[in-house]
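Student: The structure follows.
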Amino acid sequence: MDLIESRKSVRQYSEKTIPDNILKDILNVGRLAPSWMNSQPWQFIVVKNQETKDLLCKLSNNQPHVRMADTVIVCVADNNAWSKEVFGKVLKSRGMKDEAIDNIMTIPAYYPPILGDETTLLRSVEQVTYAIAYMTLEAEKQGIGCCVIGALGNEVTKFAPDIYKQAKEKLNLNDKHCIISMLTLGYEKEKQSSNKLRKDFDEVISFEKLGNKF
Ligand SMILES: Cc1cc2nc3c(=O)[nH]c(=O)nc-3n(C[C@H](O)[C@H](O)[C@H](O)COP(=O)(O)O)c2cc1C
């Protein structure tokens, strides 16, 4: 709760570099996040190169914190994770037998590709979101400011398609990948406290049915 309360989006960074071991801790926390049937449909690309950060800044409609960040973690929904080979390997590692794996891949509720590319992407995005949330908390724990960047061009927003194509090429991504968010990271320029502007408890939480207070 302490971390959750103190975490806030940080958009101005000092010149100080984040050591690799801290970045690795943040990334490992993302990697260890839960996902549906342990599918882990994600890739995280650590970007420190200024030219690449400038391109990602353009992709985010020129949000300055993207180019000013010490590091940008590009968070990618990886639809390759649902291929029979890759997902099958994950299920096998859980001790599942071949027959059970084949069966799972015939059930739409378990195997999104049956429902098409759009549903598959939706499911991948759902999983990546957990990892991103975890990473923001680990960053907070490590004293690193960060901001999730979701306003960007990609398959979902269709914004800036040419820049998106360039960014994907630069990052070695293909049409099975979708950049879903970026995490900008850096030491906070001037320490500020968090100011949680949130909907009231009763506005978003109900007991038994919508509108009943808990
Ligand atoms: C999925 C997602 C996308 C976001 N996209 C952006 C963004 O593109 N640019 C930005 O400056 N902040 C972005 N934010 C940060 C939100 O504006 C911020 O989390 C929200 O206002 C609450 O403030 P707090 O993080 O300080 O508690 C995003 C947050 C999330 C979770």
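Labels used: A, B, ... for chains in the order of the structure tokens, numbers from 1 for residues in each chain, and numbers from 1 for ligands as shown.
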Please provide as JSON, numbers by chain all residues within 9 Å of stretch 15-32 of chain A, with the sequence filter that same-chain residues fewer than 5 positions apart are discarded (counting only C-alpha atoms).
Tutor: {"A": [40, 42, 43, 44, 46, 68, 69, 70, 71, 73, 128, 130, 131, 132, 133, 134, 135, 136, 137, 138, 139, 142, 144, 185, 186, 187, 189]}
Student: What's the 8 Å shell around A:Ile45, counting only C-alpha atoms, without same-chain residues fewer than 6 positions away, as a ChimeraX atom specification?
Tutor: /A:73-76,171
Student: Do you know which residues are within 9 Å of ligand 1 using only C-alpha atoms and all ligand atoms? Can you write them as a ChimeraX atom specification?
Tutor: /A:4-11,60-61,63-66,129,132-133,146-152,180-182,194-198
Student: How would the residues just chosen look if you wrote them out with C-alpha atoms as a CSV table (one decimal), in the first residue's frame?
Tutor:
chain,number,residue,atom,x,y,z
A,4,ILE,CA,1.0,2.2,-4.3
A,5,GLU,CA,0.2,5.4,-2.5
A,6,SER,CA,3.6,7.1,-3.1
A,7,ARG,CA,3.8,6.0,-6.8
A,8,LYS,CA,2.8,8.7,-9.3
A,9,SER,CA,3.6,9.5,-12.9
A,10,VAL,CA,6.9,11.2,-13.2
A,11,ARG,CA,7.5,13.2,-16.4
A,60,SER,CA,3.8,9.4,-28.8
A,61,ASN,CA,2.8,12.6,-30.5
A,63,GLN,CA,5.5,13.9,-25.5
A,64,PRO,CA,8.8,15.3,-24.3
A,65,HIS,CA,9.3,12.9,-21.4
A,66,VAL,CA,9.8,10.1,-23.9
A,129,THR,CA,-0.9,-4.7,-18.6
A,132,ILE,CA,3.5,-2.9,-16.8
A,133,ALA,CA,1.7,-2.3,-13.5
A,146,CYS,CA,8.3,6.5,-14.4
A,147,CYS,CA,5.3,7.2,-16.6
A,148,VAL,CA,3.2,4.8,-18.7
A,149,ILE,CA,2.8,6.1,-22.2
A,150,GLY,CA,-0.3,4.8,-23.9
A,151,ALA,CA,-1.0,7.7,-26.2
A,152,LEU,CA,1.0,6.4,-29.2
A,180,ILE,CA,1.1,-1.4,-26.5
A,181,SER,CA,2.7,1.1,-24.1
A,182,MET,CA,6.1,2.5,-23.2
A,194,SER,CA,1.9,12.1,-5.1
A,195,ASN,CA,-1.6,13.6,-5.3
A,196,LYS,CA,-4.1,10.8,-5.8
A,197,LEU,CA,-7.0,12.1,-7.7
A,198,ARG,CA,-9.3,9.1,-7.9
Student: As an exercise, work out the distance from atom CA of A:Gln12 to atom CA of A:Gly145 in Å and give it to one decimal place.
Tutor: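 Value for the atom CA of A:Gln12-atom CA of A:Gly145 distance: 8.4 Å.
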Student: Report the distance between atom CA of A:Pro161 and atom CA of A:Asp175 in Å, rounded to one decimal place.
Tutor: 13.0 Å
Student: Give the answer as one residue: which of A:Lys89, A:Arg94, A:Lys84, A:Lys170 has the shortest atom-to-atom distance to A:Asp54, using only C-alpha atoms?
Tutor: A:Lys170
